[in-house]
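Engineer: Got a file for you: work.txt, compact mmCIF, C-alpha atoms.
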# COMPACT_ATOMS: atom_id res chain seq x y z
CA MET A 167 -5.50 -29.16 0.93
CA SER A 168 -7.33 -30.38 -2.18
CA PHE A 169 -8.23 -34.07 -2.54
CA GLY A 170 -8.86 -34.41 -6.25
CA GLU A 171 -12.42 -33.86 -7.45
CA TRP A 172 -13.73 -34.31 -3.90
CA GLY A 173 -12.01 -31.24 -2.53
CA SER A 174 -11.11 -32.87 0.78
CA LEU A 175 -10.43 -36.24 2.34
CA ALA A 176 -13.65 -35.94 4.32
CA ALA A 177 -15.67 -35.52 1.11
CA PHE A 178 -13.95 -38.54 -0.45
CA LEU A 179 -14.64 -40.73 2.60
CA GLU A 180 -18.23 -39.58 2.67
CA GLN A 181 -18.75 -40.77 -0.93
CA VAL A 182 -17.05 -44.07 -0.10
CA ALA A 183 -19.44 -44.51 2.83
CA ASP A 184 -22.46 -43.65 0.65
CA SER A 185 -21.30 -46.13 -1.99
CA LEU A 186 -20.80 -48.87 0.58
CA GLU A 187 -24.17 -48.23 2.18
CA GLY A 188 -26.17 -48.04 -1.03
CA GLY A 189 -24.13 -50.35 -3.27
CA THR A 190 -23.84 -47.53 -5.80
CA VAL A 191 -21.17 -46.80 -8.39
CA MET A 192 -18.14 -44.78 -7.38
CA THR A 193 -15.91 -43.33 -10.05
CA VAL A 194 -12.18 -43.06 -9.42
CA GLY A 195 -10.89 -42.76 -12.94
CA LEU A 196 -13.03 -45.83 -13.76
CA SER A 197 -16.35 -46.83 -12.25
CA TYR A 198 -16.50 -49.42 -9.45
CA VAL A 199 -19.23 -51.00 -7.36
CA PRO A 200 -18.74 -52.38 -3.82
CA VAL A 201 -19.68 -56.07 -3.70
CA VAL A 202 -19.57 -58.39 -0.71
CA ASP A 203 -19.06 -62.07 -1.54
CA ASP A 204 -18.39 -64.84 0.99
CA GLY A 205 -17.46 -62.30 3.68
CA MET A 206 -15.06 -60.38 1.44
CA LEU A 207 -15.45 -56.79 0.22
CA LEU A 208 -14.58 -56.38 -3.46
CA TRP A 209 -14.59 -53.24 -5.59
CA GLU A 210 -15.74 -54.58 -8.94
CA PHE A 211 -15.36 -52.72 -12.21
CA ALA A 212 -18.74 -51.56 -13.52
CA PRO A 213 -18.52 -51.45 -17.32
CA GLU A 214 -20.88 -49.38 -19.41
CA ARG A 215 -22.55 -50.83 -22.48
CA ARG A 216 -20.58 -49.59 -25.45
CA PRO A 217 -21.90 -48.87 -28.95
CA GLU A 218 -22.03 -51.63 -31.53
CA PRO A 219 -18.55 -52.05 -33.06
CA ARG A 220 -17.86 -51.45 -36.71
CA SER A 221 -17.60 -54.63 -38.77
CA LEU A 222 -14.71 -55.05 -41.19
CA PHE A 223 -15.88 -58.42 -42.49
CA ASP A 224 -17.46 -57.35 -45.79
CA ARG A 225 -14.30 -55.47 -46.74
CA ALA A 226 -12.40 -58.76 -46.46
CA LEU A 227 -14.61 -60.27 -49.15
CA ALA A 228 -13.59 -57.61 -51.68
CA ASP A 229 -11.33 -59.56 -54.00
CA PRO A 230 -10.36 -57.93 -57.30
CA VAL A 231 -9.48 -60.38 -60.06
CA MET A 232 -6.00 -60.01 -61.52
CA ALA A 233 -5.13 -60.39 -65.15
CA ALA A 234 -3.49 -63.75 -65.79
CA PRO A 235 0.31 -63.54 -65.61
CA GLY A 236 2.05 -64.12 -68.89
CA ARG A 237 3.33 -67.59 -68.19
CA THR A 238 2.18 -71.18 -68.28
CA THR A 239 1.47 -73.40 -65.30
CA SER A 240 4.64 -74.72 -63.70
CA HIS A 241 4.91 -78.42 -62.93
CA ALA A 242 7.45 -78.13 -60.15
CA THR A 243 9.28 -81.17 -58.86
CA LEU A 244 11.61 -81.64 -55.92
CA ASN A 245 14.90 -80.32 -57.25
CA ASP A 246 17.92 -78.21 -56.39
CA THR A 247 16.08 -74.87 -56.73
CA TRP A 248 12.93 -75.50 -54.71
CA PRO A 249 11.89 -73.92 -52.33
CA SER A 250 13.52 -70.80 -53.76
CA GLY A 251 10.89 -68.05 -53.68
CA TYR A 252 8.83 -69.77 -50.98
CA ASP A 253 9.90 -68.08 -47.73
CA ASN A 254 6.80 -68.80 -45.63
CA PHE A 255 4.36 -71.51 -46.66
CA CYS A 256 2.25 -74.41 -45.49
CA LEU A 257 1.28 -77.39 -47.65
CA THR A 258 -1.54 -79.54 -46.33
CA PHE A 259 -2.36 -82.89 -47.94
CA ALA A 260 -5.47 -85.04 -47.44
CA GLN A 261 -5.78 -88.49 -48.96
CA ALA A 262 -8.69 -89.35 -51.27
CA LEU A 263 -10.37 -85.93 -51.10
CA ASP A 264 -11.13 -83.58 -53.98
CA GLU A 265 -10.55 -79.85 -54.12
CA ALA A 266 -14.10 -78.91 -53.13
CA GLU A 267 -14.11 -81.12 -50.04
CA LEU A 268 -10.68 -79.94 -48.92
CA LEU A 269 -11.79 -76.32 -49.18
CA ARG A 270 -14.96 -77.08 -47.22
CA ARG A 271 -13.00 -78.75 -44.43
CA PHE A 272 -10.64 -75.78 -44.25
CA GLY A 273 -13.68 -73.53 -43.71
CA ALA A 274 -14.01 -71.90 -47.14
CA VAL A 275 -16.42 -69.02 -47.71
CA PRO A 276 -18.38 -70.43 -50.70
CA GLU A 277 -18.92 -67.12 -52.49
CA THR A 278 -15.16 -66.49 -52.62
CA ARG A 279 -14.30 -69.72 -54.42
CA ARG A 280 -12.62 -69.23 -57.80
CA PRO A 281 -9.31 -69.95 -59.56
CA ARG A 282 -6.46 -67.75 -58.33
CA TRP A 283 -2.89 -67.19 -59.30
CA ARG A 284 -0.27 -67.18 -56.60
CA GLU A 285 -0.09 -63.39 -56.58
CA GLU A 286 -3.84 -63.13 -55.93
CA ALA A 287 -3.50 -65.00 -52.64
CA GLU A 288 -1.38 -62.27 -51.05
CA ILE A 289 -2.73 -60.69 -47.86
CA PRO A 290 -3.46 -56.92 -48.15
CA ASP A 291 -1.46 -54.51 -46.02
CA GLN A 292 -3.54 -54.48 -42.84
CA ARG A 293 -1.97 -51.18 -41.71
CA GLN A 294 -3.14 -49.36 -44.81
CA ASP A 295 -6.43 -51.23 -45.24
CA PRO A 296 -7.75 -52.77 -41.99
CA ARG A 297 -10.03 -55.71 -42.64
CA VAL A 298 -10.86 -59.13 -41.28
CA LEU A 299 -8.16 -61.62 -42.22
CA LEU A 300 -9.71 -64.29 -44.42
CA PRO A 301 -6.62 -66.16 -45.69
CA VAL A 302 -6.62 -67.76 -49.12
CA VAL A 303 -6.01 -71.48 -49.60
CA ARG A 304 -5.20 -72.60 -53.15
CA VAL A 305 -5.93 -76.27 -53.82
CA GLY A 306 -5.26 -79.04 -56.29
CA THR A 307 -4.99 -82.83 -56.52
CA HIS A 308 -2.16 -85.16 -57.43
CA GLY A 309 -1.39 -88.83 -56.88
CA GLY A 310 -4.51 -89.61 -54.85
CA TRP A 311 -4.05 -86.65 -52.51
CA ALA A 312 -5.71 -83.23 -52.39
CA PHE A 313 -3.34 -80.45 -51.40
CA GLY A 314 -3.75 -76.88 -50.20
CA ILE A 315 -1.07 -74.21 -50.08
CA GLU A 316 -1.00 -71.10 -47.92
CA GLU A 317 1.61 -68.37 -48.09
CA GLY A 318 2.24 -65.22 -46.07
CA LEU A 319 3.14 -64.04 -42.59
CA HIS A 320 -0.14 -64.98 -40.86
CA LEU A 321 -0.84 -68.10 -38.83
CA PHE A 322 -1.33 -70.91 -41.31
CA GLU A 323 -4.61 -72.76 -40.97
CA GLY A 324 -2.85 -75.98 -41.97
CA THR A 325 -0.73 -75.87 -38.81
CA ARG A 326 -3.72 -75.72 -36.44
CA GLU A 327 -4.89 -78.86 -34.67
CA GLU A 328 -8.53 -77.80 -34.98
CA VAL A 329 -8.17 -77.67 -38.76
CA LEU A 330 -6.13 -80.84 -39.18
CA ARG A 331 -8.58 -82.85 -37.08
CA ARG A 332 -11.39 -81.77 -39.39
CA VAL A 333 -9.39 -82.19 -42.60
CA SER A 334 -8.32 -85.72 -41.62
CA CYS A 335 -11.81 -86.96 -40.64
CA GLY A 336 -12.20 -90.37 -42.30
CA THR A 337 -8.79 -90.16 -43.95
CA ARG A 338 -5.16 -89.08 -43.39
CA ALA A 339 -3.77 -85.57 -43.47
CA VAL A 340 -0.16 -84.38 -43.56
CA SER A 341 0.94 -80.79 -43.06
CA VAL A 342 4.40 -79.46 -43.99
CA SER A 343 5.22 -75.86 -43.14
CA TYR A 344 8.32 -73.73 -43.56
CA TRP A 345 9.20 -70.30 -42.20
CA ALA A 346 11.83 -67.81 -43.23
CA ASP A 347 13.64 -68.36 -39.92
CA GLY A 348 14.31 -71.92 -41.08
CA THR A 349 11.72 -73.72 -38.95
CA THR A 350 10.26 -76.69 -40.78
CA SER A 351 7.42 -78.67 -39.21
CA VAL A 352 5.41 -81.78 -40.08
CA SER A 353 2.13 -83.02 -38.60
CA LEU A 354 0.38 -86.31 -39.34
CA PHE A 355 -3.28 -86.83 -38.42
CA ASP A 356 -5.33 -89.99 -38.95
CA ASN A 357 -9.13 -89.79 -38.79
CA GLY A 358 -9.14 -86.73 -36.55
CA GLU A 359 -6.38 -87.88 -34.21
CA LEU A 360 -2.83 -86.56 -33.96
CA VAL A 361 -0.34 -89.31 -34.80
CA THR A 362 2.86 -87.30 -34.51
CA ARG A 363 4.37 -83.85 -34.89
CA TYR A 364 7.94 -82.77 -35.63
CA ASP A 365 9.80 -79.56 -36.20
CA THR A 366 13.42 -78.57 -36.66
CA ARG A 367 13.60 -76.62 -33.41
CA PRO A 368 14.70 -78.49 -30.25
CA PRO A 369 12.31 -81.46 -30.21
CA VAL A 370 9.44 -81.78 -27.75
CA PRO A 371 7.63 -85.18 -27.64
CA TYR A 372 4.23 -84.55 -29.17
CA GLY A 373 1.64 -87.04 -30.36
CA ALA A 374 1.09 -90.74 -29.87
CA ARG A 375 4.16 -91.82 -31.82
CA ASP A 376 7.79 -90.77 -32.22
CA PRO A 377 8.11 -88.70 -35.42
CA PHE A 378 11.49 -90.31 -36.18
CA GLU A 379 9.80 -93.71 -36.26
CA VAL A 380 6.86 -92.51 -38.37
CA PHE A 381 9.08 -90.62 -40.83
CA PRO A 382 12.48 -92.36 -41.01
CA GLY A 383 15.17 -89.99 -42.22
CA LEU A 384 13.92 -86.83 -40.52
CA PRO A 385 16.91 -84.59 -39.80
CA THR A 386 18.08 -84.07 -36.24
CA PRO A 387 17.50 -80.42 -35.25
CA VAL A 388 20.59 -78.20 -35.55
CA PRO A 389 20.97 -75.25 -33.14
CA GLU A 390 21.14 -71.93 -35.04
CA PRO A 391 21.34 -73.47 -38.54
CA THR A 392 22.86 -71.55 -41.42
CA PRO A 393 20.68 -70.64 -44.42
CA GLU A 394 22.14 -73.59 -46.31
CA GLN A 395 21.43 -75.95 -43.41
CA ARG A 396 17.84 -74.67 -43.24
CA ARG A 397 17.30 -75.53 -46.89
CA GLU A 398 18.92 -78.93 -46.43
CA GLN A 399 16.63 -79.62 -43.47
CA LEU A 400 13.54 -78.74 -45.49
CA LEU A 401 14.57 -80.99 -48.35
CA ALA A 402 15.34 -83.83 -45.92
CA VAL A 403 11.91 -83.41 -44.30
CA CYS A 404 10.23 -83.43 -47.70
CA ASP A 405 12.16 -86.55 -48.70
CA ALA A 406 11.07 -88.35 -45.50
CA VAL A 407 7.42 -87.42 -46.08
CA VAL A 408 7.58 -88.54 -49.72
CA ARG A 409 9.02 -91.92 -48.72
CA ARG A 410 6.45 -92.48 -45.96
CA CYS A 411 3.29 -91.24 -47.69
CA GLY A 412 4.07 -91.06 -51.40
CA ILE A 413 3.12 -87.39 -51.39
CA PRO A 414 4.64 -85.25 -54.15
CA LEU A 415 6.67 -82.41 -52.65
CA PRO A 416 6.21 -79.89 -54.04
CA PRO A 417 3.00 -80.81 -55.88
CA PRO A 418 2.70 -79.70 -59.50
CA GLY A 419 1.12 -76.40 -60.44
CA LEU A 420 1.98 -74.20 -57.46
CA GLU A 421 3.14 -71.35 -59.68
CA GLY A 422 0.03 -71.49 -61.85
CA GLU A 423 -3.67 -70.85 -61.41
CA LEU A 424 -5.37 -73.13 -58.88
CA ASP A 425 -8.85 -73.52 -57.46
CA SER A 426 -9.08 -71.53 -54.22
CA ALA A 427 -11.23 -69.72 -51.69
CA ARG A 428 -10.98 -67.42 -48.73
CA ILE A 429 -11.17 -69.18 -45.38
CA LEU A 430 -13.31 -68.25 -42.38
CA PRO A 431 -11.04 -69.72 -39.68
CA LEU A 432 -12.42 -72.39 -37.38
CA LEU A 433 -12.92 -71.46 -33.74
CA PRO A 434 -9.86 -72.21 -31.64
CA ASP A 435 -9.99 -74.86 -28.96
CA ASN A 436 -10.23 -73.48 -25.46
CA ASN A 437 -7.33 -75.60 -24.27
CA PHE A 438 -5.31 -72.99 -22.38
CA GLY A 439 -2.21 -75.11 -21.92
CA LEU A 440 -0.64 -78.15 -23.52
CA PRO A 441 -3.26 -80.00 -25.59
CA GLU A 442 -2.23 -83.35 -24.13
CA ASN A 443 -3.09 -82.04 -20.66
CA ASN A 444 -6.63 -81.18 -21.80
CA PHE A 445 -6.48 -78.10 -19.55
CA ARG A 446 -9.70 -76.11 -19.32
CA THR A 447 -10.41 -72.92 -17.42
CA PRO A 448 -11.55 -73.94 -13.91
CA VAL A 449 -14.16 -72.10 -11.88
CA PRO A 450 -12.62 -69.86 -9.19
CA ASP A 451 -11.48 -71.85 -6.15
CA ARG A 452 -14.09 -70.28 -3.86
CA PHE A 453 -16.84 -71.89 -5.97
CA ALA A 454 -15.21 -75.27 -6.61
CA SER A 455 -16.87 -77.12 -3.72
CA LEU A 456 -20.30 -75.73 -4.67
CA VAL A 457 -19.87 -76.86 -8.27
CA ASP A 458 -18.69 -80.30 -7.14
CA ALA A 459 -21.76 -80.68 -4.93
CA ALA A 460 -24.27 -79.55 -7.58
CA THR A 461 -26.30 -82.05 -9.60
CA PRO A 462 -25.92 -82.18 -13.39
CA GLU A 463 -29.42 -80.74 -13.76
CA ARG A 464 -28.59 -77.73 -11.56
CA LEU A 465 -25.30 -77.15 -13.36
CA ARG A 466 -27.06 -77.10 -16.72
CA ARG A 467 -29.53 -74.50 -15.43
CA VAL A 468 -26.74 -72.40 -13.91
CA LEU A 469 -24.68 -72.63 -17.10
CA ALA A 470 -27.65 -71.51 -19.21
CA VAL A 471 -28.31 -68.47 -16.99
CA GLN A 472 -24.64 -67.49 -16.76
CA MET A 473 -24.13 -67.86 -20.52
CA SER A 474 -27.25 -65.78 -21.24
CA SER A 475 -25.94 -63.04 -18.94
CA LEU A 476 -22.54 -63.12 -20.63
CA ALA A 477 -24.17 -62.92 -24.07
CA THR A 478 -26.13 -59.85 -22.97
CA GLU A 479 -23.08 -58.16 -21.44
CA THR A 480 -20.97 -58.60 -24.58
CA GLY A 481 -23.64 -58.11 -27.23
CA LEU A 482 -23.41 -61.69 -28.42
CA ASP A 483 -27.17 -61.99 -27.95
CA THR A 484 -27.76 -59.51 -30.77
CA TYR A 485 -27.51 -62.43 -33.22
CA ASP A 486 -30.58 -64.59 -33.86
CA GLU A 487 -28.47 -67.76 -34.13
CA VAL A 488 -27.16 -67.18 -30.60
CA THR A 489 -30.50 -66.44 -28.96
CA ALA A 490 -32.01 -69.56 -30.53
CA ALA A 491 -29.21 -71.71 -29.09
CA LEU A 492 -29.39 -70.05 -25.66
CA SER A 493 -33.03 -71.03 -25.33
CA LEU A 494 -32.04 -74.72 -25.56
CA LEU A 495 -28.94 -74.65 -23.37
CA SER A 496 -30.56 -75.87 -20.15
CA GLU A 497 -31.99 -78.98 -21.82
CA GLU A 498 -30.25 -82.28 -21.15
CA ASP A 499 -30.00 -83.20 -24.83
CA HIS A 500 -29.35 -79.76 -26.28
CA PRO A 501 -27.58 -79.80 -29.66
CA GLY A 502 -23.92 -78.89 -29.92
CA VAL A 503 -22.37 -76.54 -32.46
CA THR A 504 -22.55 -78.36 -35.80
CA ASP A 505 -19.76 -77.68 -38.31
CA ASP A 506 -20.77 -74.97 -40.81
CA SER A 507 -24.19 -74.45 -39.22
CA ALA A 508 -25.56 -70.92 -39.05
CA LEU A 509 -24.46 -70.74 -35.41
CA ASP A 510 -20.97 -72.06 -36.14
CA LEU A 511 -20.48 -69.53 -38.94
CA ARG A 512 -21.70 -66.70 -36.71
CA LEU A 513 -19.35 -67.59 -33.86
CA ARG A 514 -16.43 -67.96 -36.28
CA ARG A 515 -17.22 -64.62 -37.88
CA VAL A 516 -17.30 -62.89 -34.48
CA HIS A 517 -13.94 -64.42 -33.61
CA ALA A 518 -12.47 -63.34 -36.96
CA GLU A 519 -13.58 -59.74 -36.33
CA ALA A 520 -11.56 -59.73 -33.09
CA GLN A 521 -8.32 -60.54 -34.90
CA VAL A 522 -8.17 -57.18 -36.76
CA ILE A 523 -5.24 -55.30 -35.22
CA TYR A 524 -5.14 -51.97 -37.03
CA THR A 525 -8.55 -50.56 -36.17
CA ASP A 526 -10.31 -48.37 -33.61
CA TRP A 527 -9.36 -49.46 -30.09
CA ASN A 528 -12.94 -49.37 -28.79
CA ASP A 529 -14.17 -51.49 -31.70
CA ARG A 530 -11.38 -53.98 -31.23
CA SER A 531 -11.91 -54.37 -27.48
CA VAL A 532 -15.65 -54.97 -27.97
CA TRP A 533 -14.96 -57.59 -30.63
CA GLN A 534 -12.37 -59.27 -28.40
CA GLU A 535 -14.81 -59.52 -25.49
CA ARG A 536 -17.50 -60.82 -27.84
CA ALA A 537 -15.10 -63.34 -29.33
CA MET A 538 -14.27 -64.77 -25.91
CA ALA A 539 -18.01 -65.03 -25.26
CA ALA A 540 -18.35 -66.89 -28.58
CA ARG A 541 -15.69 -69.37 -27.49
CA ALA A 542 -17.40 -69.77 -24.13
CA MET A 543 -20.70 -70.41 -25.91
CA ALA A 544 -19.13 -73.11 -28.05
CA ASP A 545 -17.88 -74.77 -24.87
CA ALA A 546 -21.27 -74.42 -23.21
CA LEU A 547 -22.93 -76.22 -26.11
CA ASN A 548 -20.27 -78.85 -26.76
CA LEU A 549 -18.97 -79.81 -23.31
CA PRO A 550 -20.48 -81.08 -20.08
CA ALA A 551 -21.65 -78.16 -17.93
CA ARG A 552 -19.03 -78.86 -15.27
CA GLU A 553 -16.22 -78.38 -17.84
CA ALA A 554 -17.75 -75.37 -19.57
CA LEU A 555 -18.63 -73.25 -16.53
CA GLY A 556 -15.10 -72.00 -15.82
CA LEU A 557 -14.65 -70.08 -19.07
CA VAL A 558 -18.22 -68.75 -19.01
CA VAL A 559 -18.00 -67.22 -15.52
CA GLY A 560 -14.42 -66.14 -16.16
CA CYS A 561 -15.67 -63.92 -18.99
CA ARG A 562 -18.57 -62.39 -17.05
CA GLN A 563 -18.56 -58.59 -16.80
CA GLY A 564 -21.42 -57.81 -14.43
CA PRO A 565 -20.03 -56.60 -11.10
CA ARG A 566 -22.37 -58.87 -9.09
CA TRP A 567 -21.81 -62.08 -11.02
CA ARG A 568 -20.23 -63.79 -8.00
CA GLN A 569 -23.31 -63.23 -5.86
CA GLU A 570 -25.56 -64.42 -8.68
CA PHE A 571 -23.42 -67.51 -9.30
CA ARG A 572 -23.33 -68.47 -5.63
CA LYS A 573 -27.09 -68.02 -5.26
CA GLN A 574 -27.79 -70.11 -8.37
CA LEU A 575 -25.57 -72.93 -7.08
CA THR A 576 -27.14 -73.04 -3.59
CA ASP A 577 -30.79 -71.94 -3.80
CA ASP A 578 -33.46 -74.62 -3.93
Can you turn what I pasted into structure tokens?

Structural biologist:
Amino acid sequence: MSFGEWGSLAAFLEQVADSLEGGTVMTVGLSYVPVVDDGMLLWEFAPERRPEPRSLFDRALADPVMAAPGRTTSHATLNDTWPSGYDNFCLTFAQALDEAELLRRFGAVPETRRPRWREEAEIPDQRQDPRVLLPVVRVGTHGGWAFGIEEGLHLFEGTREEVLRRVSCGTRAVSVSYWADGTTSVSLFDNGELVTRYDTRPPVPYGARDPFEVFPGLPTPVPEPTPEQRREQLLAVCDAVVRRCGIPLPPPGLEGELDSARILPLLPDNNFGLPENNFRTPVPDRFASLVDAATPERLRRVLAVQMSSLATETGLDTYDEVTAALSLLSEEDHPGVTDDSALDLRLRRVHAEAQVIYTDWNDRSVWQERAMAARAMADALNLPAREALGLVVGCRQGPRWRQEFRKQLTDD
């Protein structure tokens, strides 16, 4: 009787015994290494270093200029026809900012800044032309507010908490978004803090204040609204925002040519759960008591070693900005990730590469692993070591990371 590639059960068991005795790799479809940790035998996956993935970032910067449409700029006002023609959009307003500052806070790529017509902001067909998604934000000013509009089927930057915190720093920001399924949402941020959030789906309390108190006149959500009810809800939301903030909805000039740029999206927060719960990835339970007992100095050293190993495993250490930051990670007063620094831009670019769907599977998986390492690195630099360790060790790929981690936490 044959037993796969081993020929017999005896041959298979002999290789298992050899692997257990020598701690060597055994391949059963994939490669595994026997590891003993805390009295438990584990067969850990042993990944091989894969080739450098292809980058699709530069292709995203290719941006042919269209001939100007044969029409004049439209000065739209809230009327009985709007939002006809706007099936999926997000309008973000920031008080007392200009166009340049709003674009910067969104995360604009400076070399892509130029006036664009509405048609030029469309996202290319990613199936036909895979590339990194660098969405376009078109901006203007009116009535003391800067505004940015996004359109398309991608995740709008103006709906993300990370973006609205940055946009509202030192001022107020309001985001109004609308989707073809009829969902209308509003967010209000004040100096980097969420004040309230509302949408027309069944309400969930969110933010420090009740949205119906902040924006009197918001419509009560209607289950399964008709197309006419969806439009009425949007107009009612806009009316409530106009009354509360004096924001023009819609702002003038949306149909015309506006200042704009492509956006390199900000890194997402690593809050895996409800933001109000501030949930971070914990270290595995078997290490929790060791982490609790460790001094801050030891935890910083452990974090630096673990993050360096993760960067090597994922190829994140191929970037000079990363290696420079890793060398400082064990210091008590190491710098964090500064907005728009060389390191911040590198980590954001790596994360953007991982969002490309229609590309080679091997390339995509490498970028995804590297992107998680980038997020872990941002945590390692910005958070106390005790809070950052969970995500870092959770992303480790080396089969013996548990043994290394335990030794680093306990050795004198």

Engineer: Using all atoms listed in the file, which of A:Gln574, A:Gly310, A:Glu171, A:Arg568 sits nearest A:Gly412?

Structural biologist: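 Ranked by minimum distance to A:Gly412, first place goes to A:Gly310.
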
Engineer: May I have the residues at most 10 Å from (19.8, -75.2, -33.7) in the file's coordinates, counting all atoms listed in the file, as a ChimeraX atom specification?

Structural biologist: /A:348-349,366-368,386-392,395-396

Engineer: Tell me which of A:Phe453, A:Phe211, A:Trp527, A:Tyr485 sits closest to A:Arg515, counting only C-alpha atoms.

Structural biologist: A:Tyr485

Engineer: Please provide the set of residues having any atom within 6 Å of A:Pro301, restricted to all atoms listed in the file, with same-chain residues fewer than 2 positions apart removed, written as an MDAnalysis selection string.

Structural biologist: chainID A and resid 299 428:429

Engineer: Using atom CA of A:Gly556 and atom CA of A:Phe571 as the two end points, give the distance in Å to one decimal.

Structural biologist: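 So the answer is 11.5 Å.
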
Engineer: For A:Leu469, please output as a PDB file with C-alpha atoms, in the coordinates of the input all residues within 9 Å (counting only C-alpha atoms; exclusion window: fewer than 3 positions along the same chain).

Structural biologist:
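Output file out.pdb follows:
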ATOM      1  CA  ARG A 464     -28.590 -77.730 -11.560  1.00  0.00           C
ATOM      2  CA  LEU A 465     -25.300 -77.150 -13.360  1.00  0.00           C
ATOM      3  CA  ARG A 466     -27.060 -77.100 -16.720  1.00  0.00           C
ATOM      4  CA  GLN A 472     -24.640 -67.490 -16.760  1.00  0.00           C
ATOM      5  CA  MET A 473     -24.130 -67.860 -20.520  1.00  0.00           C
ATOM      6  CA  SER A 474     -27.250 -65.780 -21.240  1.00  0.00           C
ATOM      7  CA  LEU A 495     -28.940 -74.650 -23.370  1.00  0.00           C
ATOM      8  CA  SER A 496     -30.560 -75.870 -20.150  1.00  0.00           C
ATOM      9  CA  ALA A 546     -21.270 -74.420 -23.210  1.00  0.00           C
ATOM     10  CA  ALA A 551     -21.650 -78.160 -17.930  1.00  0.00           C
ATOM     11  CA  ARG A 552     -19.030 -78.860 -15.270  1.00  0.00           C
ATOM     12  CA  ALA A 554     -17.750 -75.370 -19.570  1.00  0.00           C
ATOM     13  CA  LEU A 555     -18.630 -73.250 -16.530  1.00  0.00           C
ATOM     14  CA  VAL A 558     -18.220 -68.750 -19.010  1.00  0.00           C
ATOM     15  CA  VAL A 559     -18.000 -67.220 -15.520  1.00  0.00           C
TER      16      VAL A 559
END

Engineer: Near stretch 270-287 of chain A, counting all atoms listed in the file, which residues have an atom at most 7 Å away, once you skip same-chain residues fewer than 4 positions from it, shown as a list in words?

Structural biologist: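 Near stretch 270-287 of chain A, the qualifying residues are Met232, Ala266, Val302, Val329, Arg332, Val333, Glu421, Gly422, Glu423, Leu424, Asp425, Ser426, Ala427, Arg428, Ile429, Leu430, Pro431 and Leu432 of chain A.
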
Engineer: For A:Val516, which residue among A:Met543, A:Leu257, A:Ile289, A:Val191 is the nearest when counting all atoms listed in the file?

Structural biologist: A:Met543

Engineer: Env of A:Ser334: 8 Å cut, atoms = only C-alpha atoms, seq-sep filter 5 positions within chain, self excluded. Answer as a VMD selection string.

Structural biologist: chain A and resid 260 339 355 to 359

Engineer: For atom CA of A:Ser531 and atom CA of A:Pro434, quote the distance in Å rounded to one decimal.

Structural biologist: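 Interatomic distance, atom CA of A:Ser531 to atom CA of A:Pro434: 18.4 Å.
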
Engineer: Taking only C-alpha atoms into account, which of A:Thr447, A:Glu498, A:His517, A:Val298 comes nearest A:Leu557?

Structural biologist: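 The shortest atom-to-atom distance to A:Leu557 comes from A:Thr447.
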
Engineer: If we count all atoms listed in the file, what is near A:Val361 at a cut-off of 6 Å, once residues fewer than 2 positions away on the same chain are taken out, given as JSON, numbers by chain?

Structural biologist: {"A": [354, 355, 373, 374, 375]}

Engineer: What separation in Å, quoted to one decimal, exists between atom CA of A:Leu456 and atom CA of A:Leu575?

Structural biologist: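 Rounded to one decimal, the two atoms are 6.4 Å apart.
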
Engineer: Would you please work out which residue, of A:Leu513, A:Leu300, A:Met206, A:Leu321, is nearest to A:Ala228 when using all atoms listed in the file?

Structural biologist: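 Closest to A:Ala228, using all atoms listed in the file: A:Leu300.
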
Engineer: Choose the residue, out of A:Glu535, A:Glu463, A:Asp435, A:Glu317, that has the smallest atom-to-atom separation from A:Cys256; count all atoms listed in the file.

Structural biologist: A:Glu317
